[in-house]
Amino acid sequence: MSAPSFDEIKRPLPKDEALTEANRCLFCYDAPCMRACPTHIDVPGFIKKIATGNLRGSARMILESNILGASCARVCPTEELCEGACVLNDLHHKPIDIGRLQRYATDPFVIDAHTPLFAPGAATGRKVALIGGGPASLACAAELGRRGHTAIVFEAAPLAGGLNSYGVADYKMRHETALREIAWVEQCGVEIRCNTAVGRDVSLDSLLTDYDAVFVGVGLGGVPPLGLPGEELSGVRDVLDFIAELKTRPKADVSLAGKRVAVIGGGNTAIDGVTQAVRLGAAKVHLVYRRGRDEMPAYEHEIELARKDGVDLVLQAQPVAIEGSTHVTGLRCVQTRLGEPGADGRRAFETVPGSEFTLAVDVVLRASGQEKRRGFLSGIPGLALDKGGRVIVDDTGRTGNPKVFAGGDCVSGGKEVVNAVADGKKAALGIDALLKGN
Amino acid sequence: MADLRVNIAGISSPNPFWLASAPPTNTGDQIKRAFDAGWGGAVWKTLGEPIVNTWSRYSAMDLNGQKIAGLNNIELITDRPLSVNLREITEVKKQYPHHAVIVSLMVEAKREAWHTIVKQAEDAGADGLELNFGCPHGMSERGMGAAVGQVPDYTCQITTWVKEVARTPVLVKLTPNITDIRYAARAAFQGGADGVSLINTINSITGVDLDTFTPRPAVAGKSSHGGYCGPAVKPIALNMLAAIAADPATAGKPISGIGGISTWRDAAEFLLLGATTVQVCTAVMHYGFRIVEDMIDGLSNYLDEKGMQTIYDLRGKSVERVRDWKELDLNYVVNASIDQDKCIGCGLCYTACNDGAHQAIGAVRADNGRTKVHVIEDACVGCNLCSLVCPVQGCITMKQIPTDAGHCSWEQHTSGTGKLAPRPQDKHFH
Ligand SMILES: Cc1cc2nc3c(=O)[nH]c(=O)nc-3n(C[C@H](O)[C@H](O)[C@H](O)COP(=O)(O)OP(=O)(O)OC[C@H]3O[C@@H](n4cnc5c(N)ncnc54)[C@H](O)[C@@H]3O)c2cc1C
Ligand SMILES: Cc1cc2nc3c(=O)[nH]c(=O)nc-3n(C[C@H](O)[C@H](O)[C@H](O)COP(=O)(O)O)c2cc1C
Ligand code: SF4
Ligand code: SF4
Ligand code: SF4
């Protein structure tokens with residue numbers, strides 16, 4: 001079997017198919033698909049516009065609700081969101097292909113060409129600083145721009161987009177596509193300053209004094225070490241570094257041909273690790289998870305993709321050591337036994353004595369959860385974190401500091417791009433109200 | 001198995017399925033292939049004076065991604081030499097003696113011209129003739145086709161001329177571009193027609209190109225009104241058919257039904273409203289001769305299921321059920337009834353009734369996030385709209401509500417011989 005390729009799994013819809021699909025939509029009243037979308041895109045509304053050939057109106061309708069509608073069309077777990085809520089599921093029909101229709105409507109304006117669809121609002125003279133250039137900040141900045149405020153995004157990395165540019169699986173959306181979308185967003189009146197880490201290149205204090213409000217969209221950090229013996233060996237990496245690299249370098253340079261890979265973790269990020277390792281030509285790919293398949297936090301459709309890719313699911317296995325002298329040669333694990341659900345609803349587990357085994361591998365990728373940016377966040381006066389390290393905000397996205405708002409993964413603890421966009425937009429409305437009130 | 005053989009006005013056919021006079025019957029070769037596929041008869045593409053066609057000549061009405069809900073054409077009668085058509089008619093007839101070959105005719109309104117063409121068609125071997133008084137474009141500008149069909153006197157006159165010489169049965173093909181089809185049918189029979197065929201195409205412009213501003217079909221930046229046919233016209237055809245079948249002056253006369261027939265179901269409806277044969281054009285232009293296989297199979301299974309032996313057991317059964325409005329029972333009370341187990345919560349019925357009917361459906365957001373709908377019974381007027389928009393088969397049914405009011409038509413109501421059951425608006429209007 002030849003390895004699956006990095007080609008997009010969700011192909012764009014050709015015109016004829018798009019029209020047929022659009023006409024299949026029932027145009028529901030109080031449509032559940034729309035409510036299932038965190039940004040509440042008017043799904044039947046934009047689909048009807050596709051059907052009538054009003055593509056510009058359709059794109060506007062989508063992007064007004066969700067400025068990153070072109071990304072979301074590709075990367076949203078639609079099975080769990082809009083398409084999962086489509087009433088046609090109840091009829092035992094295929095739900096409407098909402099994601100691909102959304103792409104059909106937005107690509108011509110956002111990705112293929114950079115058509116200005118929204119004019120910036122009349123200048124208010126107010127300035128907002130946004131820390132981090134991921135989806136949350138971009139959505140917030142775009143909305144602020146439309147309301148006439150000057151929005152300046154500070155991004156530590158060389159390019160903006162956060163995990164939307166560097167993290168999402170390459171077969172869902174390419175790095176370049178995310179960047180094209182950002183260029184379109186900039187055109188809507190958003191200024192992005194890359195290679196500018198707040199706290200390193202510009203001080204937090206200066207932002208708090210020079211700007212009328214600050215939005216914090218710093219996302220999460222890397223995947224921290226597990227504390228296993230041998231973790232310092234070469235070949236052991238944070239899966240996020242692995243993904244960022246494969247997305248930004250020629251695939252030939254990062255080939256895994258002939259290599260055996262183990263990815264530690266059971267969430268969607270772990271799935272992205274294994275499926276992309278397979279696509280880089282790895283000879284054998286294991287996903288190592290402590291609990292059982294039913295307990296995996298990854299979406300069912302994602303697990304299914306890994307299974308189709310021929311990934312070996314090593315379940316109820318707890319890594320205990322990484323073997324090798326300079327380079328990793330194996331991952332030692334011990335079998336686990338599952339108990340009753342604990343207070344957090346997840347099943348407890350214990351290790352089974354004498355059940356140790358070793359997977360012979362050349363690469364070990366940690367995908368066991370990103371850490372919070374506690375250090376940076378706790379430096380913001382008035383801003384409070386919950387026990388899990390998540391920023392506490394009110395209904396308007398406002399933190400304990402009255403001029404600081406926050407949204408995205410640093411508030412949710414890690415959700416989807418579309419949630420970050422919804423947060424960013426909500427905070428923009430909060431900031432707008434604050435600035436108008438002053 | 002039911003016997004599908006029919007005899008219409010003296011023309012016998014192995015089944016009631018005929019090709020209408022149109023592009024599928026342009027040539028002998030096509031008709032032979034059609035007979036091989038199962039068609040019982042064919043009405044040859046109209047013969048007449050030599051004509052020249054435009055190149056671009058068809059356009060269509062698509063509906064929500066469904067291609068050709070309706071077809072429009074600005075094509076004229078046959079553009080092949082008369083002698084070639086006549087030779088091929090002879091050939092086909094020789095090879096298919098038991099199939100019905102009807103020849104459609106249209107010449108200028110001159111007695112001699114009609115006499116000549118009738119003789120030529122019959123000498124070639126036609127089993128019957130169909131007089132094309134229906135073509136609504138081009139030919140009508142020259143005083144033929146619909147120009148004849150629209151004036152009962154002309155229809156009667158030309159039919160009379162034809163009957164003076166015809167040895168085979170004569171069907172007159174009627175145009176729907178009139179106000180009351182019954183006058184046209186009466187005129188045809190008055191002129192001696194053995195039967196009528198209907199409908200021909202309906203005057204139409206299918207649309208305008210929004211970039212070039214040229215209506216379709218575009219002929220060098222211009223267009224002309226054409227003739228409309230296909231699924232979209234079926235309801236119009238059925239109504240005209242029923243009007244003739246129910247008209248005391250023409251009741252029981254042989255009719256060949258045409259207009260939007262694509263399936264055996266469509267055909268059965270035409271038969272129920274009084275047709276003996278049906279003719280098909282658009283469906284064949286869209287899907288080819290092969291569709292007749294299921295038409296035959298489906299109709300035959302249907303007759304078997306109904307315990308009917310022949311087409312004649314079915315023919316005309318629905319005619320007596322088409323009545324004047326004034327005779328309908330105003331006390332037949334129905335209410336919408338929603339099967340909650342089938343409902344998928346799309347809310348279409350709510351929107352339709354709320355905005356487009358009688359505000360008789362309530363909608364609430366259920367715990368599972370879906371819309372939950374219910375009929376407000378004393379507001380429902382039983383109009384059927386919700387059941388028409390509901391996408392789920394059998395989810396909304398119209399349930400009869402018994403009343404003790406007895407039958408009351410408008411006639412009875414206005415003459416004081418009937419009593420109306422109470423109606424929703426009695427409660428809701430003040
Ligand atoms: C591997 C992986 C795959 C994913 N796949 C999907 C997917 O398919 N679909 C989906 O919807 N979601 C996916 N997600 C989740 C999604 O990417 C995130 O929810 C989303 O990007 C969060 O947006 P954000 O703006 O909050 O944070 P981020 O995208 O993390 O952006 C934060 C940005 O802030 C910058 N930053 C941090 N600190 C500073 C500072 N001090 N100064 C300046 N800049 C700073 C960072 O460099 C980063 O660019 C995935 C996540 C991961 C990890
Ligand atoms: C392209 C085209 C050409 C036609 N030409 C003729 C014709 O020459 N003579 C005629 O009597 N009817 C002609 N008709 C009308 C058809 O015979 C038929 O009456 C009409 O199309 C309705 O049937 P349908 O809905 O099955 O198509 C033509 C129809 C079409 C679409
Ligand atoms: S639920 Fe499905 S059918 Fe209804 S509006 Fe949404 S996409 Fe269309
Ligand atoms: S039958 Fe008519 S009035 Fe009654 S619920 Fe349906 S749409 Fe409303
Ligand atoms: S239209 Fe039918 S399926 Fe949709 S809500 Fe009404 S009853 Fe339910």
# chains A, B, ... in the order shown; residues from 1 in each chain; ligands from 1

call {"tool": "residues_near_ligand", "arguments": {"ligand": "ligand 3", "cutoff": "7 Å", "atoms": "only C-alpha atoms and all ligand atoms", "output": "JSON, numbers by chain"}}
result
{"A": [25, 26, 27, 28, 31, 32, 33, 34, 43, 44, 83, 85, 86, 87, 88, 95, 96, 98], "B": [346]}

call {"tool": "select_by_dssp", "arguments": {"residues": "range 139-296 of chain A", "states": "strand (DSSP E or B)", "output": "MDAnalysis selection string"}}
result
chainID A and resid 150:154 190:193 198 202 213:216 234 236:238 260:264 284:288

call {"tool": "residues_near_ligand", "arguments": {"ligand": "ligand 1", "cutoff": "7 Å", "atoms": "only C-alpha atoms and all ligand atoms", "output": "PyMOL selection string"}}
result
chain A and resi 72+75-77+131-137+154-157+160-164+167-169+172+196-199+217-220+240+243+268-269+272+376+407-410+414-420

call {"tool": "residues_near_ligand", "arguments": {"ligand": "ligand 5", "cutoff": "8 Å", "atoms": "only C-alpha atoms and all ligand atoms", "output": "ChimeraX atom specification"}}
result
/A:28 /B:338-340,342-350,371-373,386-387,389-392,395-396

call {"tool": "write_last_selection", "arguments": {"atoms": "N, CA, C and O atoms", "output": "mmCIF file, in the first residue's frame"}}
result
data_model
loop_
_atom_site.group_PDB
_atom_site.id
_atom_site.type_symbol
_atom_site.label_atom_id
_atom_site.label_comp_id
_atom_site.auth_asym_id
_atom_site.auth_seq_id
_atom_site.Cartn_x
_atom_site.Cartn_y
_atom_site.Cartn_z
ATOM 1 N N CYS A 28 -33.972 25.537 6.501
ATOM 2 C CA CYS A 28 -34.723 25.327 7.740
ATOM 3 C C CYS A 28 -35.042 26.623 8.474
ATOM 4 O O CYS A 28 -34.323 27.605 8.368
ATOM 5 N N ILE B 338 -49.379 15.994 12.293
ATOM 6 C CA ILE B 338 -47.933 15.802 12.173
ATOM 7 C C ILE B 338 -47.509 14.550 12.931
ATOM 8 O O ILE B 338 -47.837 14.389 14.104
ATOM 9 N N ASP B 339 -46.794 13.685 12.266
ATOM 10 C CA ASP B 339 -46.266 12.487 12.912
ATOM 11 C C ASP B 339 -44.930 12.863 13.571
ATOM 12 O O ASP B 339 -43.913 13.003 12.893
ATOM 13 N N GLN B 340 -44.960 13.041 14.883
ATOM 14 C CA GLN B 340 -43.768 13.551 15.575
ATOM 15 C C GLN B 340 -42.585 12.587 15.462
ATOM 16 O O GLN B 340 -41.437 13.010 15.550
ATOM 17 N N LYS B 342 -41.717 11.018 12.826
ATOM 18 C CA LYS B 342 -41.063 11.200 11.524
ATOM 19 C C LYS B 342 -40.447 12.582 11.390
ATOM 20 O O LYS B 342 -39.526 12.786 10.608
ATOM 21 N N CYS B 343 -40.990 13.547 12.123
ATOM 22 C CA CYS B 343 -40.576 14.947 11.966
ATOM 23 C C CYS B 343 -39.085 15.118 12.242
ATOM 24 O O CYS B 343 -38.565 14.612 13.225
ATOM 25 N N ILE B 344 -38.381 15.847 11.347
ATOM 26 C CA ILE B 344 -36.951 16.097 11.560
ATOM 27 C C ILE B 344 -36.714 17.508 12.074
ATOM 28 O O ILE B 344 -35.566 17.941 12.214
ATOM 29 N N GLY B 345 -37.781 18.259 12.298
ATOM 30 C CA GLY B 345 -37.619 19.576 12.918
ATOM 31 C C GLY B 345 -37.057 20.652 12.012
ATOM 32 O O GLY B 345 -36.416 21.580 12.488
ATOM 33 N N CYS B 346 -37.319 20.562 10.723
ATOM 34 C CA CYS B 346 -36.781 21.588 9.825
ATOM 35 C C CYS B 346 -37.553 22.896 9.933
ATOM 36 O O CYS B 346 -37.068 23.942 9.522
ATOM 37 N N GLY B 347 -38.774 22.831 10.436
ATOM 38 C CA GLY B 347 -39.566 24.044 10.627
ATOM 39 C C GLY B 347 -40.142 24.636 9.350
ATOM 40 O O GLY B 347 -40.700 25.731 9.364
ATOM 41 N N LEU B 348 -40.033 23.929 8.247
ATOM 42 C CA LEU B 348 -40.550 24.483 6.988
ATOM 43 C C LEU B 348 -42.066 24.658 7.052
ATOM 44 O O LEU B 348 -42.617 25.609 6.518
ATOM 45 N N CYS B 349 -42.731 23.720 7.694
ATOM 46 C CA CYS B 349 -44.191 23.812 7.780
ATOM 47 C C CYS B 349 -44.582 25.032 8.604
ATOM 48 O O CYS B 349 -45.533 25.731 8.277
ATOM 49 N N TYR B 350 -43.810 25.294 9.648
ATOM 50 C CA TYR B 350 -44.092 26.456 10.489
ATOM 51 C C TYR B 350 -43.963 27.739 9.662
ATOM 52 O O TYR B 350 -44.870 28.577 9.643
ATOM 53 N N THR B 371 -36.327 22.155 16.196
ATOM 54 C CA THR B 371 -37.605 22.833 16.223
ATOM 55 C C THR B 371 -38.706 21.783 16.400
ATOM 56 O O THR B 371 -38.709 20.770 15.707
ATOM 57 N N LYS B 372 -39.601 22.023 17.339
ATOM 58 C CA LYS B 372 -40.714 21.107 17.531
ATOM 59 C C LYS B 372 -41.983 21.841 17.113
ATOM 60 O O LYS B 372 -42.244 22.943 17.595
ATOM 61 N N VAL B 373 -42.715 21.240 16.210
ATOM 62 C CA VAL B 373 -43.882 21.922 15.654
ATOM 63 C C VAL B 373 -45.168 21.232 16.091
ATOM 64 O O VAL B 373 -45.168 20.038 16.387
ATOM 65 N N CYS B 386 -48.760 22.898 4.418
ATOM 66 C CA CYS B 386 -47.674 22.326 5.225
ATOM 67 C C CYS B 386 -47.284 20.951 4.709
ATOM 68 O O CYS B 386 -46.107 20.610 4.648
ATOM 69 N N SER B 387 -48.273 20.162 4.338
ATOM 70 C CA SER B 387 -47.954 18.804 3.870
ATOM 71 C C SER B 387 -47.229 18.862 2.528
ATOM 72 O O SER B 387 -46.511 17.943 2.169
ATOM 73 N N VAL B 389 -44.991 21.283 1.736
ATOM 74 C CA VAL B 389 -43.600 21.717 1.925
ATOM 75 C C VAL B 389 -42.788 20.724 2.752
ATOM 76 O O VAL B 389 -41.575 20.721 2.679
ATOM 77 N N CYS B 390 -43.434 19.903 3.538
ATOM 78 C CA CYS B 390 -42.701 18.988 4.425
ATOM 79 C C CYS B 390 -41.816 18.043 3.602
ATOM 80 O O CYS B 390 -42.290 17.381 2.690
ATOM 81 N N PRO B 391 -40.516 17.998 3.916
ATOM 82 C CA PRO B 391 -39.611 17.164 3.122
ATOM 83 C C PRO B 391 -39.660 15.677 3.473
ATOM 84 O O PRO B 391 -39.028 14.877 2.800
ATOM 85 N N VAL B 392 -40.384 15.348 4.524
ATOM 86 C CA VAL B 392 -40.396 13.950 4.969
ATOM 87 C C VAL B 392 -41.661 13.256 4.484
ATOM 88 O O VAL B 392 -42.778 13.687 4.799
ATOM 89 N N CYS B 395 -45.024 12.489 6.661
ATOM 90 C CA CYS B 395 -44.902 13.069 8.003
ATOM 91 C C CYS B 395 -46.118 13.921 8.337
ATOM 92 O O CYS B 395 -46.675 13.828 9.420
ATOM 93 N N ILE B 396 -46.549 14.744 7.392
ATOM 94 C CA ILE B 396 -47.778 15.507 7.626
ATOM 95 C C ILE B 396 -48.871 14.899 6.762
ATOM 96 O O ILE B 396 -48.747 14.814 5.539
#

call {"tool": "residues_around", "arguments": {"residues": "Ala37 in chain B", "least_positions_apart": "4", "cutoff": "12 Å", "atoms": "only C-alpha atoms", "output": "list of chain:residue names"}}
result
B:Phe17, B:Trp18, B:Leu19, B:Gln30, B:Ile31, B:Lys32, B:Arg33, B:Gly41, B:Val284, B:Gly288, B:Phe289, B:Arg290, B:Ile291, B:Val292, B:Glu293, B:Asp294, B:Met295, B:Ile296

call {"tool": "closest_atom_pairs", "arguments": {"of": "chain B", "to": "ligand 4", "cutoff": "10 Å", "atoms": "only C-alpha atoms and all ligand atoms", "output": "JSON lines"}}
result
{"residue": "B:Val334", "atom": "CA", "partner": "ligand 4", "partner_atom_place_in_ligand_line": "1 (S)", "distance": 7.8}
{"residue": "B:Asn335", "atom": "CA", "partner": "ligand 4", "partner_atom_place_in_ligand_line": "4 (Fe)", "distance": 5.8}
{"residue": "B:Ala336", "atom": "CA", "partner": "ligand 4", "partner_atom_place_in_ligand_line": "1 (S)", "distance": 4.8}
{"residue": "B:Ser337", "atom": "CA", "partner": "ligand 4", "partner_atom_place_in_ligand_line": "5 (S)", "distance": 8.0}
{"residue": "B:Ile338", "atom": "CA", "partner": "ligand 4", "partner_atom_place_in_ligand_line": "5 (S)", "distance": 9.1}
{"residue": "B:Cys349", "atom": "CA", "partner": "ligand 4", "partner_atom_place_in_ligand_line": "7 (S)", "distance": 6.7}
{"residue": "B:Tyr350", "atom": "CA", "partner": "ligand 4", "partner_atom_place_in_ligand_line": "8 (Fe)", "distance": 7.8}
{"residue": "B:Thr351", "atom": "CA", "partner": "ligand 4", "partner_atom_place_in_ligand_line": "7 (S)", "distance": 9.1}
{"residue": "B:Ala352", "atom": "CA", "partner": "ligand 4", "partner_atom_place_in_ligand_line": "7 (S)", "distance": 6.4}
{"residue": "B:Cys353", "atom": "CA", "partner": "ligand 4", "partner_atom_place_in_ligand_line": "7 (S)", "distance": 4.2}
{"residue": "B:Asn354", "atom": "CA", "partner": "ligand 4", "partner_atom_place_in_ligand_line": "8 (Fe)", "distance": 7.3}
{"residue": "B:Asp355", "atom": "CA", "partner": "ligand 4", "partner_atom_place_in_ligand_line": "7 (S)", "distance": 9.5}
{"residue": "B:Gly356", "atom": "CA", "partner": "ligand 4", "partner_atom_place_in_ligand_line": "7 (S)", "distance": 7.7}
{"residue": "B:Ala357", "atom": "CA", "partner": "ligand 4", "partner_atom_place_in_ligand_line": "7 (S)", "distance": 5.5}
{"residue": "B:His358", "atom": "CA", "partner": "ligand 4", "partner_atom_place_in_ligand_line": "3 (S)", "distance": 4.7}
{"residue": "B:Gln359", "atom": "CA", "partner": "ligand 4", "partner_atom_place_in_ligand_line": "8 (Fe)", "distance": 6.1}
{"residue": "B:Ala360", "atom": "CA", "partner": "ligand 4", "partner_atom_place_in_ligand_line": "8 (Fe)", "distance": 4.6}
{"residue": "B:Ile361", "atom": "CA", "partner": "ligand 4", "partner_atom_place_in_ligand_line": "5 (S)", "distance": 5.3}
{"residue": "B:Gly362", "atom": "CA", "partner": "ligand 4", "partner_atom_place_in_ligand_line": "5 (S)", "distance": 9.0}
{"residue": "B:His374", "atom": "CA", "partner": "ligand 4", "partner_atom_place_in_ligand_line": "5 (S)", "distance": 8.4}
{"residue": "B:Val375", "atom": "CA", "partner": "ligand 4", "partner_atom_place_in_ligand_line": "5 (S)", "distance": 5.5}
{"residue": "B:Ile376", "atom": "CA", "partner": "ligand 4", "partner_atom_place_in_ligand_line": "5 (S)", "distance": 7.1}
{"residue": "B:Glu377", "atom": "CA", "partner": "ligand 4", "partner_atom_place_in_ligand_line": "4 (Fe)", "distance": 7.7}
{"residue": "B:Asp378", "atom": "CA", "partner": "ligand 4", "partner_atom_place_in_ligand_line": "4 (Fe)", "distance": 9.2}
{"residue": "B:Ala379", "atom": "CA", "partner": "ligand 4", "partner_atom_place_in_ligand_line": "3 (S)", "distance": 6.7}
{"residue": "B:Cys380", "atom": "CA", "partner": "ligand 4", "partner_atom_place_in_ligand_line": "4 (Fe)", "distance": 3.6}
{"residue": "B:Val381", "atom": "CA", "partner": "ligand 4", "partner_atom_place_in_ligand_line": "3 (S)", "distance": 4.4}
{"residue": "B:Gly382", "atom": "CA", "partner": "ligand 4", "partner_atom_place_in_ligand_line": "1 (S)", "distance": 3.7}
{"residue": "B:Cys383", "atom": "CA", "partner": "ligand 4", "partner_atom_place_in_ligand_line": "2 (Fe)", "distance": 4.0}
{"residue": "B:Asn384", "atom": "CA", "partner": "ligand 4", "partner_atom_place_in_ligand_line": "1 (S)", "distance": 4.2}
{"residue": "B:Leu385", "atom": "CA", "partner": "ligand 4", "partner_atom_place_in_ligand_line": "7 (S)", "distance": 4.3}
{"residue": "B:Cys386", "atom": "CA", "partner": "ligand 4", "partner_atom_place_in_ligand_line": "7 (S)", "distance": 4.1}
{"residue": "B:Ser387", "atom": "CA", "partner": "ligand 4", "partner_atom_place_in_ligand_line": "6 (Fe)", "distance": 6.4}
{"residue": "B:Leu388", "atom": "CA", "partner": "ligand 4", "partner_atom_place_in_ligand_line": "7 (S)", "distance": 8.5}
{"residue": "B:Val389", "atom": "CA", "partner": "ligand 4", "partner_atom_place_in_ligand_line": "7 (S)", "distance": 8.9}
{"residue": "B:Cys390", "atom": "CA", "partner": "ligand 4", "partner_atom_place_in_ligand_line": "6 (Fe)", "distance": 9.9}
{"residue": "B:Ile396", "atom": "CA", "partner": "ligand 4", "partner_atom_place_in_ligand_line": "6 (Fe)", "distance": 8.4}
{"residue": "B:Thr397", "atom": "CA", "partner": "ligand 4", "partner_atom_place_in_ligand_line": "1 (S)", "distance": 9.0}
{"residue": "B:Met398", "atom": "CA", "partner": "ligand 4", "partner_atom_place_in_ligand_line": "1 (S)", "distance": 7.2}
{"residue": "B:Lys399", "atom": "CA", "partner": "ligand 4", "partner_atom_place_in_ligand_line": "1 (S)", "distance": 9.7}
{"residue": "B:Pro424", "atom": "CA", "partner": "ligand 4", "partner_atom_place_in_ligand_line": "3 (S)", "distance": 9.4}

call {"tool": "residues_around", "arguments": {"residues": "Leu82 in chain B", "least_positions_apart": "6", "cutoff": "9 Å", "atoms": "only C-alpha atoms", "output": "VMD selection string"}}
result
chain B and resid 47 to 50

call {"tool": "closest_atom_pairs", "arguments": {"of": "chain B", "to": "ligand 2", "cutoff": "7 Å", "atoms": "only C-alpha atoms and all ligand atoms", "output": "CSV"}}
result
residue,atom,partner,partner_atom_place_in_ligand_line,distance
B:Ala20,CA,ligand 2,17 (O),4.2
B:Ser21,CA,ligand 2,17 (O),4.2
B:Ala22,CA,ligand 2,5 (N),3.9
B:Pro23,CA,ligand 2,3 (C),5.6
B:Lys45,CA,ligand 2,8 (O),4.9
B:Thr46,CA,ligand 2,8 (O),4.4
B:Tyr58,CA,ligand 2,1 (C),6.6
B:Leu71,CA,ligand 2,31 (C),6.3
B:Asn72,CA,ligand 2,31 (C),6.3
B:Asn73,CA,ligand 2,1 (C),5.0
B:Glu75,CA,ligand 2,3 (C),5.5
B:Leu76,CA,ligand 2,8 (O),6.0
B:Ile77,CA,ligand 2,8 (O),4.1
B:Thr78,CA,ligand 2,8 (O),6.2
B:Ser104,CA,ligand 2,11 (O),6.4
B:Asn132,CA,ligand 2,11 (O),4.8
B:Gly134,CA,ligand 2,11 (O),6.4
B:Cys135,CA,ligand 2,10 (C),6.2
B:Lys173,CA,ligand 2,11 (O),6.7
B:Leu198,CA,ligand 2,19 (O),6.8
B:Ile199,CA,ligand 2,19 (O),5.5
B:Asn200,CA,ligand 2,19 (O),3.7
B:Thr201,CA,ligand 2,20 (C),5.0
B:Cys229,CA,ligand 2,25 (O),4.1
B:Gly230,CA,ligand 2,25 (O),3.6
B:Pro231,CA,ligand 2,25 (O),6.2
B:Val233,CA,ligand 2,25 (O),6.5
B:Lys234,CA,ligand 2,25 (O),6.9
B:Ile258,CA,ligand 2,23 (O),5.1
B:Gly259,CA,ligand 2,25 (O),3.6
B:Gly260,CA,ligand 2,25 (O),3.4
B:Ile261,CA,ligand 2,26 (O),5.2
B:Gln279,CA,ligand 2,26 (O),6.3
B:Val280,CA,ligand 2,26 (O),3.8
B:Cys281,CA,ligand 2,26 (O),3.7
B:Thr282,CA,ligand 2,27 (O),3.6
B:Ala283,CA,ligand 2,26 (O),6.0

call {"tool": "residues_around", "arguments": {"residues": "range 305-313 of chain A", "least_positions_apart": "6", "cutoff": "8 Å", "atoms": "only C-alpha atoms", "output": "list in words"}}
result
Ala3, Pro4, Ile271, Val274, Thr275, Val278, Lys284, Val285, His286, Leu287, Val288 and Tyr289 of chain A

call {"tool": "select_by_dssp", "arguments": {"residues": "range 295-376 of chain A", "states": "helix (DSSP H, G or I)", "output": "PyMOL selection string"}}
result
chain A and resi 295+300-308+374-376
